[in-house]
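Asks: Sharing data23.cif here; it has mmCIF, C-alpha atoms and all ligand atoms.
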```cif
data_start
#
loop_
_atom_site.label_atom_id
_atom_site.label_comp_id
_atom_site.auth_asym_id
_atom_site.auth_seq_id
_atom_site.Cartn_x
_atom_site.Cartn_y
_atom_site.Cartn_z
CA MET Y 1 204.45 118.89 85.36
CA ASP Y 2 204.78 118.56 81.62
CA GLU Y 3 201.78 118.17 79.41
CA ILE Y 4 201.57 114.92 77.43
CA LEU Y 5 198.20 115.36 75.74
CA ARG Y 6 196.13 118.37 74.86
CA VAL Y 7 192.66 118.43 73.43
CA GLN Y 8 191.59 121.70 71.90
CA ASN Y 9 188.06 122.71 70.90
CA LEU Y 10 187.13 119.11 70.15
CA THR Y 11 183.66 118.78 68.62
CA LYS Y 12 181.55 115.88 67.37
CA TYR Y 13 177.86 115.97 66.48
CA PHE Y 14 175.82 112.94 65.49
CA THR Y 15 172.67 113.02 63.41
CA LYS Y 16 169.97 110.66 64.53
CA LYS Y 17 167.19 109.80 62.16
CA SER Y 18 163.77 109.23 63.64
CA VAL Y 19 162.26 105.82 63.00
CA PHE Y 20 158.78 107.33 62.82
CA SER Y 21 159.25 110.35 60.59
CA SER Y 22 161.63 111.93 58.13
CA LYS Y 23 162.86 114.23 60.87
CA SER Y 24 166.38 113.93 62.16
CA THR Y 25 167.85 115.35 65.32
CA THR Y 26 171.36 116.45 66.10
CA VAL Y 27 173.11 115.11 69.17
CA LYS Y 28 175.92 117.38 70.26
CA ALA Y 29 177.88 114.50 71.78
CA VAL Y 30 181.08 116.50 72.28
CA ASP Y 31 180.82 120.24 71.89
CA ASP Y 32 183.94 122.37 71.89
CA ILE Y 33 185.82 120.86 74.80
CA SER Y 34 189.43 121.55 75.75
CA PHE Y 35 191.63 120.00 78.42
CA SER Y 36 195.13 118.78 78.96
CA LEU Y 37 196.67 115.71 80.53
CA LYS Y 38 199.94 116.05 82.40
CA LYS Y 39 202.68 113.45 82.48
CA GLY Y 40 202.04 110.81 85.14
CA GLU Y 41 198.67 112.15 86.32
CA VAL Y 42 195.19 110.69 86.47
CA PHE Y 43 192.69 112.99 84.80
CA VAL Y 44 189.06 112.08 85.31
CA LEU Y 45 186.25 112.69 82.84
CA ALA Y 46 183.06 112.28 84.82
CA GLY Y 47 179.38 112.72 84.10
CA GLU Y 48 176.17 110.81 83.64
CA SER Y 49 175.66 108.30 80.92
CA GLY Y 50 175.23 110.14 77.60
CA SER Y 51 177.36 113.15 78.52
CA GLY Y 52 179.94 112.45 75.80
CA LYS Y 53 182.76 110.74 77.73
CA SER Y 54 183.20 107.71 75.48
CA THR Y 55 182.91 109.81 72.35
CA THR Y 56 185.75 111.98 73.68
CA ALA Y 57 187.89 108.86 74.16
CA ARG Y 58 187.13 107.62 70.65
CA LEU Y 59 187.98 111.03 69.21
CA ILE Y 60 191.34 111.11 71.01
CA LEU Y 61 192.26 107.70 69.62
CA LYS Y 62 191.04 108.71 66.17
CA ALA Y 63 188.63 105.79 66.20
CA ILE Y 64 186.13 108.33 64.87
CA ASP Y 65 186.75 111.61 63.11
CA ALA Y 66 186.09 114.88 64.89
CA ASP Y 67 183.99 117.58 63.21
CA SER Y 68 186.60 120.04 64.40
CA GLY Y 69 189.28 120.53 67.01
CA LYS Y 70 192.86 119.50 67.55
CA ILE Y 71 194.74 116.89 69.53
CA PHE Y 72 198.36 117.32 70.56
CA PHE Y 73 200.55 114.47 71.79
CA ASN Y 74 203.84 115.56 73.35
CA GLY Y 75 203.32 118.98 71.85
CA GLU Y 76 202.88 117.62 68.32
CA GLU Y 77 199.55 117.77 66.57
CA ILE Y 78 198.06 114.40 65.64
CA THR Y 79 197.06 114.73 62.04
CA ASP Y 80 195.19 112.33 59.76
CA ASP Y 81 198.52 111.18 58.40
CA PRO Y 82 198.75 107.37 59.00
CA LYS Y 83 202.24 107.79 60.52
CA SER Y 84 200.96 110.28 63.07
CA ILE Y 85 198.01 108.05 63.96
CA LYS Y 86 200.24 104.96 64.30
CA LYS Y 87 202.51 106.83 66.70
CA LEU Y 88 199.54 107.81 68.82
CA ARG Y 89 198.09 104.28 68.80
CA MET Y 90 201.38 102.83 70.04
CA SER Y 91 201.64 105.31 72.90
CA CYS Y 92 198.00 105.52 73.83
CA GLN Y 93 196.05 102.42 74.84
CA MET Y 94 192.40 101.98 75.71
CA ILE Y 95 190.65 99.87 78.30
CA TYR Y 96 186.89 99.43 78.01
CA GLN Y 97 184.17 98.74 80.51
CA ASP Y 98 183.49 95.30 79.08
CA PRO Y 99 186.66 93.21 78.62
CA TYR Y 100 184.95 91.41 75.74
CA ASP Y 101 185.05 94.67 73.77
CA SER Y 102 188.81 94.30 73.47
CA ILE Y 103 189.43 90.57 73.64
CA ASN Y 104 188.43 87.81 71.31
CA PRO Y 105 186.76 85.03 73.36
CA ARG Y 106 188.13 82.40 70.97
CA MET Y 107 191.74 83.37 71.58
CA ARG Y 108 193.96 82.15 74.41
CA VAL Y 109 195.35 84.70 76.86
CA HIS Y 110 198.83 84.53 75.30
CA ASP Y 111 197.49 85.43 71.85
CA ILE Y 112 195.26 88.17 73.23
CA VAL Y 113 198.09 89.86 75.10
CA SER Y 114 200.68 89.45 72.35
CA GLU Y 115 198.39 90.63 69.54
CA PRO Y 116 199.38 94.33 69.77
CA LEU Y 117 203.04 93.28 69.52
CA GLU Y 118 202.29 91.29 66.39
CA ILE Y 119 200.28 94.10 64.85
CA HIS Y 120 203.19 96.48 65.36
CA GLY Y 121 205.78 93.85 64.35
CA ILE Y 122 207.59 93.87 67.68
CA GLY Y 123 209.91 91.00 68.73
CA SER Y 124 210.33 87.38 67.68
CA ALA Y 125 207.83 84.75 68.83
CA GLU Y 126 210.21 83.89 71.71
CA GLU Y 127 210.61 87.52 72.73
CA ARG Y 128 206.88 88.05 72.61
CA LYS Y 129 206.35 85.06 74.92
CA LYS Y 130 208.66 86.68 77.44
CA ILE Y 131 207.00 90.09 77.17
CA VAL Y 132 203.55 88.51 77.64
CA LEU Y 133 204.64 86.63 80.77
CA GLU Y 134 206.19 89.81 82.19
CA ALA Y 135 202.97 91.73 81.53
CA LEU Y 136 200.92 89.05 83.29
CA HIS Y 137 203.26 89.22 86.29
CA GLU Y 138 202.83 93.01 86.29
CA VAL Y 139 199.06 92.70 86.57
CA LYS Y 140 199.41 89.94 89.15
CA LEU Y 141 197.86 87.16 87.12
CA GLU Y 142 199.59 84.14 88.58
CA PRO Y 143 200.75 81.59 87.75
CA ALA Y 144 201.34 83.41 84.46
CA GLU Y 145 202.66 80.23 82.81
CA ASP Y 146 199.24 78.63 83.29
CA ILE Y 147 197.14 81.71 82.61
CA VAL Y 148 198.63 82.18 79.11
CA LYS Y 149 197.06 78.91 77.99
CA LYS Y 150 193.55 79.78 79.18
CA TYR Y 151 190.53 81.05 77.32
CA PRO Y 152 188.83 84.21 78.65
CA HIS Y 153 185.59 82.46 79.67
CA THR Y 154 187.49 80.33 82.18
CA LEU Y 155 188.65 83.46 84.01
CA SER Y 156 186.75 85.66 86.46
CA GLY Y 157 185.60 89.15 85.46
CA GLY Y 158 188.43 90.70 87.47
CA GLN Y 159 191.00 88.41 85.85
CA ARG Y 160 189.67 89.23 82.39
CA GLN Y 161 190.03 92.94 83.05
CA ARG Y 162 193.64 92.28 84.16
CA VAL Y 163 194.26 90.50 80.85
CA VAL Y 164 193.01 93.64 79.11
CA LEU Y 165 195.36 95.73 81.25
CA ALA Y 166 198.28 93.39 80.41
CA ARG Y 167 197.43 93.72 76.74
CA ALA Y 168 197.46 97.50 77.08
CA LEU Y 169 200.85 97.38 78.82
CA VAL Y 170 202.89 95.37 76.30
CA LEU Y 171 203.45 98.36 74.05
CA LYS Y 172 204.71 100.38 77.04
CA PRO Y 173 202.09 103.08 76.60
CA LYS Y 174 202.54 106.63 77.81
CA ILE Y 175 198.79 107.11 78.12
CA ILE Y 176 195.99 104.73 79.05
CA ILE Y 177 192.42 105.81 78.49
CA ALA Y 178 190.30 103.72 80.82
CA ASP Y 179 186.59 103.97 80.00
CA GLU Y 180 184.61 102.78 83.04
CA PRO Y 181 187.22 100.02 83.60
CA VAL Y 182 185.75 98.85 86.89
CA SER Y 183 182.03 99.46 86.34
CA MET Y 184 181.30 95.86 85.41
CA LEU Y 185 183.45 94.40 88.16
CA ASP Y 186 182.09 93.23 91.44
CA VAL Y 187 182.19 96.17 93.83
CA SER Y 188 184.47 94.21 96.17
CA ILE Y 189 187.33 94.07 93.65
CA ARG Y 190 187.11 97.58 92.19
CA ALA Y 191 189.58 99.14 94.60
CA GLU Y 192 192.07 96.34 93.90
CA MET Y 193 191.98 96.98 90.16
CA LEU Y 194 192.37 100.74 90.64
CA GLU Y 195 195.26 100.20 93.07
CA LEU Y 196 196.95 98.01 90.49
CA MET Y 197 196.52 100.70 87.84
CA GLU Y 198 197.92 103.26 90.26
CA ALA Y 199 200.98 101.11 91.04
CA LEU Y 200 201.69 100.77 87.31
CA GLN Y 201 201.28 104.50 86.87
CA LYS Y 202 203.95 105.19 89.46
CA LYS Y 203 206.31 102.55 88.10
CA TYR Y 204 206.10 103.51 84.43
CA GLU Y 205 204.90 107.10 84.63
CA ILE Y 206 201.76 106.28 82.71
CA SER Y 207 199.20 109.06 82.41
CA TYR Y 208 195.58 108.02 82.65
CA ILE Y 209 192.36 109.47 81.42
CA TYR Y 210 189.92 107.79 83.75
CA ILE Y 211 186.35 107.89 82.50
CA THR Y 212 183.60 107.23 84.99
CA HIS Y 213 180.07 108.07 86.10
CA ASP Y 214 181.13 107.14 89.60
CA LEU Y 215 182.47 109.97 91.75
CA ALA Y 216 183.67 107.71 94.55
CA THR Y 217 186.17 105.92 92.31
CA ALA Y 218 186.98 109.28 90.70
CA ARG Y 219 188.11 110.59 94.05
CA PHE Y 220 189.87 107.38 94.96
CA PHE Y 221 191.92 107.27 91.76
CA GLY Y 222 191.91 110.74 90.20
CA LYS Y 223 193.95 113.89 90.60
CA ARG Y 224 192.13 116.40 88.41
CA ILE Y 225 188.59 116.13 87.13
CA ALA Y 226 186.41 117.55 84.40
CA ILE Y 227 182.65 117.21 84.81
CA MET Y 228 180.82 116.74 81.52
CA TYR Y 229 177.19 117.45 80.83
CA LEU Y 230 175.58 116.92 77.41
CA GLY Y 231 178.81 117.35 75.49
CA LYS Y 232 180.20 120.27 77.50
CA ILE Y 233 182.73 120.51 80.29
CA VAL Y 234 180.82 122.41 82.97
CA GLU Y 235 183.42 122.36 85.71
CA ALA Y 236 187.06 121.31 86.13
CA GLY Y 237 189.79 121.36 88.74
CA PRO Y 238 191.55 119.25 91.39
CA VAL Y 239 189.32 116.29 92.28
CA ASP Y 240 189.02 117.00 95.98
CA ASP Y 241 188.29 120.71 95.48
CA VAL Y 242 185.62 120.08 92.87
CA LEU Y 243 183.88 117.25 94.68
CA LEU Y 244 184.04 118.71 98.17
CA HIS Y 245 183.26 122.25 97.07
CA PRO Y 246 181.39 122.16 93.76
CA ARG Y 247 180.65 125.51 92.13
CA HIS Y 248 178.41 124.23 89.33
CA PRO Y 249 174.86 123.17 90.28
CA TYR Y 250 175.21 120.14 88.01
CA THR Y 251 178.27 118.91 89.89
CA GLN Y 252 176.30 119.34 93.10
CA ALA Y 253 173.35 117.43 91.61
CA LEU Y 254 175.66 114.65 90.51
CA ILE Y 255 177.13 114.38 93.98
CA ASP Y 256 173.67 114.36 95.55
CA ALA Y 257 172.28 111.85 93.06
CA ILE Y 258 175.06 109.36 92.82
CA ALA Y 259 176.79 109.11 96.14
CA GLU Y 260 178.79 111.02 98.64
CA PRO Y 261 182.18 111.40 96.98
CA ASN Y 262 183.71 109.28 99.65
CA PRO Y 263 186.13 106.46 98.90
CA ASP Y 264 184.05 104.23 101.19
CA ASN Y 265 181.34 104.46 98.56
CA LEU Y 266 183.51 102.43 96.21
CA TYR Y 267 181.39 99.62 97.47
CA VAL Y 268 178.05 101.18 96.72
CA GLU Y 269 176.45 100.67 93.33
CA LYS Y 270 174.48 103.64 92.00
CA LYS Y 271 173.86 104.88 88.52
CA VAL Y 272 171.84 107.70 87.07
CA ARG Y 273 171.00 108.56 83.51
CA ILE Y 274 170.33 111.94 81.96
CA ASN Y 275 166.58 112.43 81.59
CA GLU Y 276 166.16 115.53 79.58
CA PRO Y 277 162.93 117.54 79.50
CA LEU Y 278 161.49 117.06 76.02
CA ASP Y 279 159.83 120.43 75.63
CA ILE Y 280 162.92 122.63 75.39
CA ASP Y 281 165.97 122.73 73.17
CA VAL Y 282 168.62 121.69 75.67
CA TYR Y 283 171.38 123.05 73.47
CA GLU Y 284 170.16 126.61 73.85
CA GLY Y 285 171.73 128.57 76.68
CA CYS Y 286 172.94 126.60 79.67
CA ARG Y 287 172.18 122.94 78.97
CA PHE Y 288 171.41 122.28 82.59
CA ARG Y 289 169.02 125.15 83.14
CA ALA Y 290 165.75 123.20 82.92
CA ARG Y 291 166.95 120.90 85.68
CA CYS Y 292 168.72 123.60 87.66
CA PRO Y 293 167.18 124.84 90.91
CA TYR Y 294 169.25 128.04 90.69
CA ALA Y 295 168.47 129.00 87.09
CA ILE Y 296 168.02 132.71 86.36
CA ASP Y 297 166.98 134.53 83.20
CA LYS Y 298 170.57 135.00 82.15
CA CYS Y 299 170.94 131.22 81.82
CA LYS Y 300 169.19 131.42 78.45
CA ASP Y 301 172.60 132.59 77.22
CA GLU Y 302 175.38 130.09 76.97
CA PRO Y 303 177.81 130.21 79.90
CA LEU Y 304 181.46 129.81 78.92
CA LEU Y 305 184.02 127.91 80.95
CA GLU Y 306 185.83 130.59 82.93
CA LYS Y 307 188.82 130.43 85.22
CA LEU Y 308 188.09 130.89 88.93
CA ASP Y 309 191.75 130.65 89.89
CA SER Y 310 194.87 128.99 88.52
CA GLN Y 311 193.36 125.53 88.98
CA ARG Y 312 189.60 125.72 88.70
CA GLU Y 313 187.15 126.47 85.93
CA VAL Y 314 183.38 126.62 85.84
CA ALA Y 315 180.73 127.41 83.23
CA CYS Y 316 177.88 128.94 85.23
CA PHE Y 317 176.36 132.41 85.66
CA VAL Y 318 175.22 131.66 89.20
CA LYS Y 319 178.11 129.66 90.72
CA LEU Y 320 177.49 128.03 94.05
CA ASP Y 321 179.34 129.40 97.09
N1 LIG D 1 177.68 106.49 66.76
C1 LIG D 1 176.75 107.26 67.30
N2 LIG D 1 175.67 107.65 66.57
C2 LIG D 1 174.72 108.45 67.11
N3 LIG D 1 174.76 108.93 68.35
C3 LIG D 1 175.79 108.58 69.12
C4 LIG D 1 176.85 107.73 68.65
N4 LIG D 1 177.76 107.57 69.64
C5 LIG D 1 177.30 108.28 70.70
N5 LIG D 1 176.11 108.89 70.39
C6 LIG D 1 175.34 109.77 71.28
O1 LIG D 1 176.21 110.75 71.78
C7 LIG D 1 175.90 111.05 73.14
C8 LIG D 1 177.13 110.82 73.99
O2 LIG D 1 177.43 109.43 74.05
P1 LIG D 1 178.67 108.82 74.81
O3 LIG D 1 179.89 109.52 74.37
O4 LIG D 1 178.63 107.36 74.63
O5 LIG D 1 178.36 109.21 76.31
P2 LIG D 1 178.90 108.59 77.69
O6 LIG D 1 180.12 107.78 77.38
O7 LIG D 1 179.19 109.79 78.54
O8 LIG D 1 177.80 107.77 78.25
C9 LIG D 1 174.73 110.15 73.51
O9 LIG D 1 173.55 110.89 73.35
C10 LIG D 1 174.80 109.04 72.50
O10 LIG D 1 173.52 108.49 72.27
MG MG D 2 180.45 105.75 77.84
#
```
Output the file's structure in the form of C-alpha cells.
Replies:
Amino acid sequence: MDEILRVQNLTKYFTKKSVFSSKSTTVKAVDDISFSLKKGEVFVLAGESGSGKSTTARLILKAIDADSGKIFFNGEEITDDPKSIKKLRMSCQMIYQDPYDSINPRMRVHDIVSEPLEIHGIGSAEERKKIVLEALHEVKLEPAEDIVKKYPHTLSGGQRQRVVLARALVLKPKIIIADEPVSMLDVSIRAEMLELMEALQKKYEISYIYITHDLATARFFGKRIAIMYLGKIVEAGPVDDVLLHPRHPYTQALIDAIAEPNPDNLYVEKKVRINEPLDIDVYEGCRFRARCPYAIDKCKDEPLLEKLDSQREVACFVKLD
C-alpha cells in the first residue's frame, strides 16, 4: 500500500502559566512522534484524554505551528508556504467530536455543506446545489431536498454529525481526520456512523486518521493503531495484534481500564482520564513508570520506540509477553 501521509518527529510543547505564582510549566503535548498513513486505510490514534491526540490532528492540518518536525503529503513536504497549506486543506478534512465545532448554528444545512466549496471557489451556485444534495445522499440524510433547508438545532445529534461528514466530503478529500467523531453520539448509533464512514472509505479510497479514547470503536473501525501516552507513541501495530496481545504495560492498563477491546463494547460508555502523580517529573525516563506495575530501575531512562517485527513497535524496557 502506498503512503499518503507521513509525520516525522512532530513536536509541540505548550507553556502553562500558573494562576497562583509566577511559575510556568511545560506541557509536552506532542513529543517527537512519527507515523505514516497508507492510502485507503484507517489509522487509529488512541489514548486517554490529554495524551496529545487532538494536538497531533491540529499540527497535521497546520491549525497550529509545530515546534519541530515534518509532514509529508503524497511524498511532498507541507511547508509554511500558503500554496502548500491550501493544497493540504483541500485534500485533508477534519471532523470533530462536537458537530457545533464545525458548523454555524445560524446557517441552514445547504450553506453549511456548501461553504467549503465557496471558500475554495468551486462551481456555480447551481453546481454547488447539486454537489450538496449528492453529499447528503452519500451520508444518507433523506429526504436531502428537505434537509438542506433545515437549521442544525432541528436535527438529531446523529444527523448533525452526518451533516459534518457531508461537509467534509464535498471537496473529495483524500484524508479525513476524525477526532472522536462518535463520542458524543448516543451509543446506539455509533456503529451506524462508523459503518457509513467505512462505506465511504471503500467507495472513494479515503484514508482516515481515527482519533479515539475508546478501544472498542478502534477495533471496530481501525486497521493499524498507535497508542499515545503523554505526548509519546508508546506502542503501534495492527489493531488486533496490539489490542489482543499488548506488549506495553500502558496499553494493557488502557484495555483493563476502559473496556474489553470487543466490538460488542461499542455500546458501553466508559472514559478515563490521565491522573498523574504530582511528586515526580513525568517527562523524565518512561512517562508511565510511576503508574507501571512492572517498572524497573532502567525505566528512569527514556525508552525509545523500537521495532519488534515488520509491523509492530513498542517503547518499553520490560515488554509484556
Ligand atoms: N492551546 C493549549 N495551550 C496549553 N495547553 C494545551 C493546549 N492544547 C492542548 N494543551 C495540553 O496538551 C495536552 C494534550 O492535549 P490534547 O492534544 O487535547 O489531548 P487529547 O486530544 O489526547 O485529549 C493536554 O495536557 C492539554 O491540556
Ligand atoms: Mg482530544
Asks: How would you report the residues lying within 7 Å of ligand MG 2 (chain D), as a list in words, if you count all atoms listed in the file?
Replies: Ser49, Gly50, Lys53, Ser54 and Asp179 of chain Y
Asks: How would you write, as JSON, numbers by chain, the set of residues no farther than 12 Å from ligand LIG 1 (chain D) when counting all atoms listed in the file?
Replies: {"Y": [11, 12, 13, 14, 15, 16, 17, 18, 24, 25, 26, 27, 28, 29, 30, 31, 45, 46, 47, 48, 49, 50, 51, 52, 53, 54, 55, 56, 57, 58, 59, 63, 64, 65, 96, 97, 178, 179, 180, 210, 211, 212, 213, 214, 227, 228, 229, 230, 231, 232, 233, 271, 272, 273, 274, 275, 276]}
Asks: Put those residues in a file: C-alpha atoms, as an mmCIF file, in the coordinates of the input.
Replies:
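The resulting file, again13.cif, is shown below:
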```cif
data_model
loop_
_atom_site.group_PDB
_atom_site.id
_atom_site.type_symbol
_atom_site.label_atom_id
_atom_site.label_comp_id
_atom_site.auth_asym_id
_atom_site.auth_seq_id
_atom_site.Cartn_x
_atom_site.Cartn_y
_atom_site.Cartn_z
ATOM 1 C CA THR Y 11 183.660 118.780 68.620
ATOM 2 C CA LYS Y 12 181.550 115.880 67.370
ATOM 3 C CA TYR Y 13 177.860 115.970 66.480
ATOM 4 C CA PHE Y 14 175.820 112.940 65.490
ATOM 5 C CA THR Y 15 172.670 113.020 63.410
ATOM 6 C CA LYS Y 16 169.970 110.660 64.530
ATOM 7 C CA LYS Y 17 167.190 109.800 62.160
ATOM 8 C CA SER Y 18 163.770 109.230 63.640
ATOM 9 C CA SER Y 24 166.380 113.930 62.160
ATOM 10 C CA THR Y 25 167.850 115.350 65.320
ATOM 11 C CA THR Y 26 171.360 116.450 66.100
ATOM 12 C CA VAL Y 27 173.110 115.110 69.170
ATOM 13 C CA LYS Y 28 175.920 117.380 70.260
ATOM 14 C CA ALA Y 29 177.880 114.500 71.780
ATOM 15 C CA VAL Y 30 181.080 116.500 72.280
ATOM 16 C CA ASP Y 31 180.820 120.240 71.890
ATOM 17 C CA LEU Y 45 186.250 112.690 82.840
ATOM 18 C CA ALA Y 46 183.060 112.280 84.820
ATOM 19 C CA GLY Y 47 179.380 112.720 84.100
ATOM 20 C CA GLU Y 48 176.170 110.810 83.640
ATOM 21 C CA SER Y 49 175.660 108.300 80.920
ATOM 22 C CA GLY Y 50 175.230 110.140 77.600
ATOM 23 C CA SER Y 51 177.360 113.150 78.520
ATOM 24 C CA GLY Y 52 179.940 112.450 75.800
ATOM 25 C CA LYS Y 53 182.760 110.740 77.730
ATOM 26 C CA SER Y 54 183.200 107.710 75.480
ATOM 27 C CA THR Y 55 182.910 109.810 72.350
ATOM 28 C CA THR Y 56 185.750 111.980 73.680
ATOM 29 C CA ALA Y 57 187.890 108.860 74.160
ATOM 30 C CA ARG Y 58 187.130 107.620 70.650
ATOM 31 C CA LEU Y 59 187.980 111.030 69.210
ATOM 32 C CA ALA Y 63 188.630 105.790 66.200
ATOM 33 C CA ILE Y 64 186.130 108.330 64.870
ATOM 34 C CA ASP Y 65 186.750 111.610 63.110
ATOM 35 C CA TYR Y 96 186.890 99.430 78.010
ATOM 36 C CA GLN Y 97 184.170 98.740 80.510
ATOM 37 C CA ALA Y 178 190.300 103.720 80.820
ATOM 38 C CA ASP Y 179 186.590 103.970 80.000
ATOM 39 C CA GLU Y 180 184.610 102.780 83.040
ATOM 40 C CA TYR Y 210 189.920 107.790 83.750
ATOM 41 C CA ILE Y 211 186.350 107.890 82.500
ATOM 42 C CA THR Y 212 183.600 107.230 84.990
ATOM 43 C CA HIS Y 213 180.070 108.070 86.100
ATOM 44 C CA ASP Y 214 181.130 107.140 89.600
ATOM 45 C CA ILE Y 227 182.650 117.210 84.810
ATOM 46 C CA MET Y 228 180.820 116.740 81.520
ATOM 47 C CA TYR Y 229 177.190 117.450 80.830
ATOM 48 C CA LEU Y 230 175.580 116.920 77.410
ATOM 49 C CA GLY Y 231 178.810 117.350 75.490
ATOM 50 C CA LYS Y 232 180.200 120.270 77.500
ATOM 51 C CA ILE Y 233 182.730 120.510 80.290
ATOM 52 C CA LYS Y 271 173.860 104.880 88.520
ATOM 53 C CA VAL Y 272 171.840 107.700 87.070
ATOM 54 C CA ARG Y 273 171.000 108.560 83.510
ATOM 55 C CA ILE Y 274 170.330 111.940 81.960
ATOM 56 C CA ASN Y 275 166.580 112.430 81.590
ATOM 57 C CA GLU Y 276 166.160 115.530 79.580
#
```
Asks: Compile the contact shell of range 6-10 of chain Y as a ChimeraX atom specification: residues with an atom at most 10 Å away, counting all atoms listed in the file, same-chain residues fewer than 3 positions apart removed.
Replies: /Y:3,30-38,56,59-60,66-77
Asks: Rank nothing, just name the residue among Y:Glu235, Y:Glu41, Y:Asp281, Y:Asp186 nearest to Leu305 in chain Y, using only C-alpha atoms.
Replies: Y:Glu235
Asks: Using all atoms listed in the file, determine which residues lie at most 10 Å from Lys150 in chain Y, disregarding the query and same-chain residues fewer than 5 positions distant; provide the list as a PyMOL selection string.
Replies: chain Y and resi 107-110+145+155
Asks: Between Y:Ala218, Y:Tyr250, Y:Leu308, Y:Val44, which has the minimum distance to Arg287 in chain Y (counting only C-alpha atoms)?
Replies: Y:Tyr250
Asks: Check the smallest atom-to-atom distance from each of Y:Ile112, Y:Ala226, Y:Leu5, Y:Leu185 to Lys149 in chain Y using all atoms listed in the file, then report the winner.
Replies: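 Residue with the minimum atom-to-atom distance to Lys149 in chain Y: Y:Ile112.
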Asks: For CA of Pro249 in chain Y and CA of Lys300 in chain Y, quote the distance in Å rounded to one decimal.
Replies: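 Pair CA of Pro249 in chain Y / CA of Lys300 in chain Y returns 15.5 Å.
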Asks: Report, in Å to a single decimal, how far apart CA of Val164 in chain Y and CA of Thr217 in chain Y are.
Replies: 19.3 Å
Asks: For a cutoff of 9 Å around the file-coordinate point (185.4, 127.0, 82.8), which residues qualify once you count all atoms listed in the file? I'd like the result as a PDB file with C-alpha atoms, in the frame of the given file.
Replies:
```
ATOM      1  CA  ILE Y 233     182.730 120.510  80.290  1.00  0.00           C
ATOM      2  CA  VAL Y 234     180.820 122.410  82.970  1.00  0.00           C
ATOM      3  CA  GLU Y 235     183.420 122.360  85.710  1.00  0.00           C
ATOM      4  CA  ALA Y 236     187.060 121.310  86.130  1.00  0.00           C
ATOM      5  CA  PRO Y 303     177.810 130.210  79.900  1.00  0.00           C
ATOM      6  CA  LEU Y 304     181.460 129.810  78.920  1.00  0.00           C
ATOM      7  CA  LEU Y 305     184.020 127.910  80.950  1.00  0.00           C
ATOM      8  CA  GLU Y 306     185.830 130.590  82.930  1.00  0.00           C
ATOM      9  CA  LYS Y 307     188.820 130.430  85.220  1.00  0.00           C
ATOM     10  CA  LEU Y 308     188.090 130.890  88.930  1.00  0.00           C
ATOM     11  CA  ARG Y 312     189.600 125.720  88.700  1.00  0.00           C
ATOM     12  CA  GLU Y 313     187.150 126.470  85.930  1.00  0.00           C
ATOM     13  CA  VAL Y 314     183.380 126.620  85.840  1.00  0.00           C
ATOM     14  CA  ALA Y 315     180.730 127.410  83.230  1.00  0.00           C
ATOM     15  CA  CYS Y 316     177.880 128.940  85.230  1.00  0.00           C
TER      16      CYS Y 316
END
```
Asks: Please compute the CA of Gly40 in chain Y-CA of Ile225 in chain Y distance, one decimal, in Å.
Replies: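 Between CA of Gly40 in chain Y and CA of Ile225 in chain Y the gap works out to 14.6 Å.
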Asks: Using only C-alpha atoms, find the one residue out of Y:Ala257, Y:Cys292, Y:Met94, Y:Leu165 that sits nearest to Met193 in chain Y.
Replies: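 So, comparing all the options, the nearest one is Y:Leu165.
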Asks: In terms of the shortest atom-to-atom distance over all atoms listed in the file, which of Y:Val148, Y:Ile85, Y:Arg167, Y:Asp80 is closest to Ser114 in chain Y?
Replies: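 Of the candidates, the smallest distance to Ser114 in chain Y is held by Y:Arg167.
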